[in-house]
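J.: Below you'll find model09.cif; it's mmCIF, C-alpha atoms.
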data_entry
loop_
_atom_site.group_PDB
_atom_site.id
_atom_site.type_symbol
_atom_site.label_atom_id
_atom_site.label_comp_id
_atom_site.auth_asym_id
_atom_site.auth_seq_id
_atom_site.Cartn_x
_atom_site.Cartn_y
_atom_site.Cartn_z
ATOM 1 C CA PHE A 1464 -19.273 21.849 -15.821
ATOM 2 C CA LYS A 1465 -15.561 22.401 -16.247
ATOM 3 C CA LYS A 1466 -13.751 25.701 -16.378
ATOM 4 C CA MET A 1467 -10.062 26.194 -17.090
ATOM 5 C CA ILE A 1468 -7.935 28.212 -14.766
ATOM 6 C CA ILE A 1469 -6.587 31.144 -16.759
ATOM 7 C CA ILE A 1470 -3.777 33.423 -15.730
ATOM 8 C CA THR A 1471 -4.243 36.495 -17.868
ATOM 9 C CA ASN A 1472 -1.421 38.373 -19.541
ATOM 10 C CA GLU A 1473 -2.339 41.337 -17.360
ATOM 11 C CA LYS A 1474 -1.811 39.267 -14.196
ATOM 12 C CA ILE A 1475 1.473 37.872 -15.508
ATOM 13 C CA ILE A 1476 2.691 41.399 -16.301
ATOM 14 C CA GLU A 1477 1.567 42.619 -12.863
ATOM 15 C CA VAL A 1478 3.554 39.858 -11.145
ATOM 16 C CA MET A 1479 6.632 40.399 -13.328
ATOM 17 C CA GLN A 1480 6.471 44.135 -12.584
ATOM 18 C CA GLY A 1481 6.457 43.239 -8.892
ATOM 19 C CA VAL A 1482 9.608 41.181 -9.425
ATOM 20 C CA ILE A 1483 11.238 44.136 -11.190
ATOM 21 C CA ASP A 1484 10.246 46.679 -8.545
ATOM 22 C CA ASN A 1485 10.767 44.571 -5.421
ATOM 23 C CA TYR A 1486 13.796 42.472 -6.338
ATOM 24 C CA LEU A 1487 15.659 43.322 -9.554
ATOM 25 C CA LYS A 1488 15.891 47.106 -9.173
ATOM 26 C CA PRO A 1489 17.000 46.924 -5.519
ATOM 27 C CA LYS A 1490 19.661 44.331 -6.430
ATOM 28 C CA PHE A 1491 21.009 46.606 -9.189
ATOM 29 C CA ILE A 1492 21.193 49.527 -6.772
ATOM 30 C CA GLU A 1493 22.753 47.344 -4.046
ATOM 31 C CA LEU A 1494 25.530 46.360 -6.476
ATOM 32 C CA GLY A 1495 26.294 50.046 -7.099
ATOM 33 C CA MET A 1496 25.732 49.733 -10.840
ATOM 34 C CA ASN A 1497 23.445 52.732 -11.294
ATOM 35 C CA SER A 1498 24.816 55.803 -13.019
ATOM 36 C CA SER A 1499 22.013 57.449 -15.010
ATOM 37 C CA GLY A 1500 18.913 55.487 -14.045
ATOM 38 C CA GLU A 1501 18.498 54.573 -17.725
ATOM 39 C CA TRP A 1502 18.870 50.831 -17.126
ATOM 40 C CA LEU A 1503 16.384 50.950 -14.272
ATOM 41 C CA SER A 1504 13.804 52.830 -16.336
ATOM 42 C CA SER A 1505 14.270 50.494 -19.309
ATOM 43 C CA LEU A 1506 13.070 47.392 -17.453
ATOM 44 C CA GLU A 1507 9.748 46.172 -18.785
ATOM 45 C CA ALA A 1508 7.450 43.333 -17.755
ATOM 46 C CA ARG A 1509 5.892 41.381 -20.609
ATOM 47 C CA ALA A 1510 3.800 38.274 -21.111
ATOM 48 C CA ASN A 1511 4.377 35.945 -24.044
ATOM 49 C CA ASN A 1512 2.392 32.728 -24.553
ATOM 50 C CA GLY A 1513 1.617 32.458 -20.852
ATOM 51 C CA ASN A 1514 5.200 33.144 -19.780
ATOM 52 C CA GLY A 1515 6.402 36.148 -17.828
ATOM 53 C CA GLU A 1516 9.372 37.999 -19.264
ATOM 54 C CA ILE A 1517 11.525 40.874 -18.140
ATOM 55 C CA TRP A 1518 13.094 42.986 -20.873
ATOM 56 C CA GLY A 1519 15.859 45.517 -20.460
ATOM 57 C CA ARG A 1520 18.765 47.140 -22.233
ATOM 58 C CA ASP A 1521 21.055 45.017 -24.403
ATOM 59 C CA TYR A 1522 24.076 45.901 -22.267
ATOM 60 C CA THR A 1523 22.581 43.871 -19.425
ATOM 61 C CA TYR A 1524 24.806 41.091 -20.757
ATOM 62 C CA TYR A 1525 27.893 43.131 -19.838
ATOM 63 C CA LEU A 1526 26.479 44.077 -16.440
ATOM 64 C CA VAL A 1527 26.121 40.386 -15.656
ATOM 65 C CA ASN A 1528 29.191 38.917 -17.387
ATOM 66 C CA GLY A 1529 31.587 41.808 -17.711
ATOM 67 C CA ARG A 1530 33.462 42.562 -20.894
ATOM 68 C CA ALA A 1531 36.689 40.861 -21.900
ATOM 69 C CA GLY A 1532 39.591 42.892 -23.199
ATOM 70 C CA GLY A 1533 40.571 42.712 -26.835
ATOM 71 C CA SER A 1534 38.104 45.080 -28.439
ATOM 72 C CA ARG A 1535 37.270 48.691 -27.749
ATOM 73 C CA PRO A 1536 33.731 49.314 -26.504
ATOM 74 C CA PRO A 1537 31.576 52.008 -28.124
ATOM 75 C CA ILE A 1538 32.508 55.477 -26.907
ATOM 76 C CA THR A 1539 29.083 57.182 -26.731
ATOM 77 C CA PRO A 1540 27.745 55.074 -23.841
ATOM 78 C CA LEU A 1541 31.020 55.645 -22.005
ATOM 79 C CA VAL A 1542 30.749 59.418 -22.456
ATOM 80 C CA ASN A 1543 27.313 59.217 -20.838
ATOM 81 C CA TRP A 1544 28.646 56.932 -18.093
ATOM 82 C CA VAL A 1545 31.552 59.280 -17.330
ATOM 83 C CA GLY A 1546 29.153 62.201 -17.062
ATOM 84 C CA ASN A 1547 26.639 60.400 -14.891
ATOM 85 C CA LYS A 1548 28.985 58.359 -12.694
ATOM 86 C CA LEU A 1549 31.978 60.687 -12.417
ATOM 87 C CA GLY A 1550 30.370 64.065 -13.086
ATOM 88 C CA ILE A 1551 32.834 64.897 -15.857
ATOM 89 C CA TYR A 1552 31.369 66.450 -19.018
ATOM 90 C CA GLY A 1553 32.403 68.152 -22.256
ATOM 91 C CA LYS A 1554 35.875 67.705 -23.738
ATOM 92 C CA GLU A 1555 37.247 66.460 -20.439
ATOM 93 C CA GLY A 1556 34.453 63.886 -20.219
ATOM 94 C CA LEU A 1557 35.176 62.742 -23.769
ATOM 95 C CA SER A 1558 38.869 62.410 -22.936
ATOM 96 C CA VAL A 1559 38.106 60.357 -19.821
ATOM 97 C CA ALA A 1560 35.678 58.189 -21.819
ATOM 98 C CA PHE A 1561 38.419 57.428 -24.370
ATOM 99 C CA ALA A 1562 40.798 56.524 -21.534
ATOM 100 C CA VAL A 1563 38.167 54.217 -20.024
ATOM 101 C CA ALA A 1564 37.550 52.618 -23.451
ATOM 102 C CA LYS A 1565 41.297 51.979 -23.880
ATOM 103 C CA LYS A 1566 41.507 50.454 -20.393
ATOM 104 C CA ILE A 1567 38.542 48.185 -21.138
ATOM 105 C CA GLU A 1568 40.095 47.240 -24.495
ATOM 106 C CA LYS A 1569 43.333 46.320 -22.736
ATOM 107 C CA GLU A 1570 42.078 44.727 -19.496
ATOM 108 C CA GLY A 1571 38.341 44.162 -19.753
ATOM 109 C CA THR A 1572 35.875 45.487 -17.188
ATOM 110 C CA ASP A 1573 35.998 44.973 -13.444
ATOM 111 C CA TYR A 1574 33.132 42.483 -13.775
ATOM 112 C CA TYR A 1575 35.110 40.248 -16.150
ATOM 113 C CA PRO A 1576 35.668 37.269 -15.900
ATOM 114 C CA ASP A 1577 33.772 36.557 -12.670
ATOM 115 C CA GLY A 1578 30.641 38.498 -13.547
ATOM 116 C CA THR A 1579 28.040 39.690 -11.066
ATOM 117 C CA ASP A 1580 25.061 38.103 -9.398
ATOM 118 C CA LEU A 1581 22.652 40.737 -10.737
ATOM 119 C CA LEU A 1582 20.253 38.286 -12.381
ATOM 120 C CA GLU A 1583 20.710 35.489 -9.851
ATOM 121 C CA ILE A 1584 18.101 37.248 -7.722
ATOM 122 C CA LEU A 1585 15.523 36.123 -10.288
ATOM 123 C CA GLU A 1586 16.182 32.476 -9.364
ATOM 124 C CA SER A 1587 16.221 33.034 -5.608
ATOM 125 C CA ASN A 1588 13.744 31.329 -3.307
ATOM 126 C CA GLU A 1589 12.478 34.750 -2.283
ATOM 127 C CA VAL A 1590 11.489 35.670 -5.844
ATOM 128 C CA LEU A 1591 10.123 32.213 -6.624
ATOM 129 C CA ASN A 1592 7.976 32.319 -3.480
ATOM 130 C CA TYR A 1593 6.712 35.776 -4.457
ATOM 131 C CA VAL A 1594 5.740 34.580 -7.953
ATOM 132 C CA TYR A 1595 4.205 31.309 -6.776
ATOM 133 C CA GLY A 1596 2.323 33.139 -4.036
ATOM 134 C CA ALA A 1597 0.898 35.716 -6.426
ATOM 135 C CA PHE A 1598 -0.286 33.072 -8.870
ATOM 136 C CA SER A 1599 -1.588 30.812 -6.092
ATOM 137 C CA VAL A 1600 -3.886 33.581 -4.884
ATOM 138 C CA GLU A 1601 -5.153 34.066 -8.452
ATOM 139 C CA ILE A 1602 -5.716 30.327 -8.952
ATOM 140 C CA ALA A 1603 -7.406 29.917 -5.552
ATOM 141 C CA GLY A 1604 -9.777 32.769 -6.361
ATOM 142 C CA GLN A 1605 -10.716 31.240 -9.694
ATOM 143 C CA LEU A 1606 -11.173 27.772 -8.137
ATOM 144 C CA THR A 1607 -13.394 29.182 -5.409
ATOM 145 C CA ALA A 1608 -15.559 30.974 -7.963
ATOM 146 C CA THR A 1609 -15.805 27.813 -10.092
ATOM 147 C CA ILE A 1610 -16.745 25.620 -7.102
ATOM 148 C CA LYS A 1611 -19.420 28.104 -5.980
ATOM 149 C CA ARG A 1612 -20.829 28.252 -9.499
ATOM 150 C CA ASN A 1613 -20.881 24.438 -9.753
ATOM 151 C CA ILE A 1614 -22.654 24.143 -6.390
ATOM 152 C CA GLN A 1615 -25.224 26.745 -7.386
ATOM 153 C CA ASN A 1616 -25.850 24.994 -10.719
ATOM 154 C CA THR A 1617 -26.068 21.593 -9.068
ATOM 155 C CA PHE A 1618 -28.534 22.612 -6.364
ATOM 156 C CA ALA A 1619 -30.493 25.265 -8.268
#
With the file now loaded, output its structure as structure tokens.
T.:
Amino acid sequence: FKKMIIITNEKIIEVMQGVIDNYLKPKFIELGMNSSGEWLSSLEARANNGNGEIWGRDYTYYLVNGRAGGSRPPITPLVNWVGNKLGIYGKEGLSVAFAVAKKIEKEGTDYYPDGTDLLEILESNEVLNYVYGAFSVEIAGQLTATIKRNIQNTFA
């Protein structure tokens, strides 16, 4: 009899969480991007129609691509950034955050226009080998169980 190989959503999420923990978070820290830990704690592994997904904060776009000048960024996230990254709080922190917002409006961020390689880690051979390896073990286990069952049914 035939049996399909099934990779469960739970297994997909487990593997994606491994990618987050072992590759994406260390890359973020290596690039010196961490200020509050909020981005790191926001990362979430999901499974959707048999596909693994990694979800995170919407500002990931700006971490990867930078932000062009021409428009002022929202001030509240910058107030938090100034506090966490520079240790400046209260009225002084707000003042620094406004100065940072004006600089970004005028010049863009340091990451613009070249961007960063934050998400390139997800396409690296190291990550692909990790994912393929994890799913190969799952598939091999299911194939072994199916072959044993078929042999037992055939010779029973």
J.: Can you spell out as a ChimeraX atom specification the set of residues that the PyMOL selection byres ((chain A and resi 1531-1545) around 8) selects in the structure I just provided?
T.: /A:1498-1499,1529-1530,1546-1552,1556-1557,1559-1561,1563-1565,1567-1572,1575-1576
J.: Excluding same-chain residues fewer than 4 positions from region 1589-1591 of chain A, what lies within 7 Å of it counting all atoms listed in the file, as JSON, numbers by chain?
T.: {"A": [1482, 1585, 1595]}
J.: Print the selection's residues with C-alpha atoms to a file, as a PDB file, keeping the file's coordinate frame.
T.:
ATOM      1  CA  VAL A1482       9.608  41.181  -9.425  1.00  0.00           C
ATOM      2  CA  LEU A1585      15.523  36.123 -10.288  1.00  0.00           C
ATOM      3  CA  TYR A1595       4.205  31.309  -6.776  1.00  0.00           C
TER       4      TYR A1595
END
J.: When the PyMOL selection byres ((chain A and resi 1597-1603) around 8) is applied to the structure above, which residues does it catch, written out as a PyMOL selection string?
T.: chain A and resi 1468-1470+1478+1593-1596+1604-1607
J.: Could you state the separation of CA of Ala1510 (chain A) and CA of Gly1495 (chain A) in Å, given to one decimal place?
T.: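 Interatomic distance, CA of Ala1510 (chain A) to CA of Gly1495 (chain A): 29.0 Å.
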J.: Write out as a PDB file with C-alpha atoms, in the coordinates of the input which residues come within 9 Å of Leu1526 (chain A) when counting all atoms listed in the file, dropping same-chain ones fewer than 5 positions away.
T.:
ATOM      1  CA  MET A1496      25.732  49.733 -10.840  1.00  0.00           C
ATOM      2  CA  TYR A1574      33.132  42.483 -13.775  1.00  0.00           C
ATOM      3  CA  GLY A1578      30.641  38.498 -13.547  1.00  0.00           C
ATOM      4  CA  THR A1579      28.040  39.690 -11.066  1.00  0.00           C
ATOM      5  CA  LEU A1581      22.652  40.737 -10.737  1.00  0.00           C
TER       6      LEU A1581
END
J.: Residues picked by the PyMOL selection byres ((chain A and resi 1485-1490) around 10) here, as a ChimeraX atom specification?
T.: /A:1479-1484,1491-1497,1502-1504,1506,1517,1580-1585,1587,1589-1590,1593
J.: Just the number, please: distance in Å from CA of Ile1475 (chain A) to CA of Asn1511 (chain A), one decimal.
T.: 9.2 Å
J.: Could you tell me how far CA of Arg1520 (chain A) sits from CA of Lys1566 (chain A), in Å to one decimal place?
T.: 23.1 Å
J.: Would you compute, for all listed atoms of region 1477-1496 of chain A, the axis-aligned bounding box grown by 5 Å on each side, and then report its centre and edge lengths in Å rounded to one decimal, as JSON?
T.:
{"center_x": 13.9, "center_y": 45.0, "center_z": -8.7, "size_x": 34.7, "size_y": 20.2, "size_z": 19.3}
J.: Let me make sure I understand: among A:Gly1553, A:Ala1562, A:Glu1507, A:Gly1500, which one has the smallest atom-to-atom distance to Glu1477 (chain A) if we use all atoms listed in the file?
T.: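 Closest to Glu1477 (chain A) of all the choices is A:Glu1507.
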J.: Using all atoms listed in the file for the distances, tell me which of A:Thr1617, A:Asn1472, A:Asp1573, A:Lys1611 is nearest to Tyr1525 (chain A).
T.: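 Of A:Thr1617, A:Asn1472, A:Asp1573, A:Lys1611, the one nearest Tyr1525 (chain A), counting all atoms listed in the file, is A:Asp1573.
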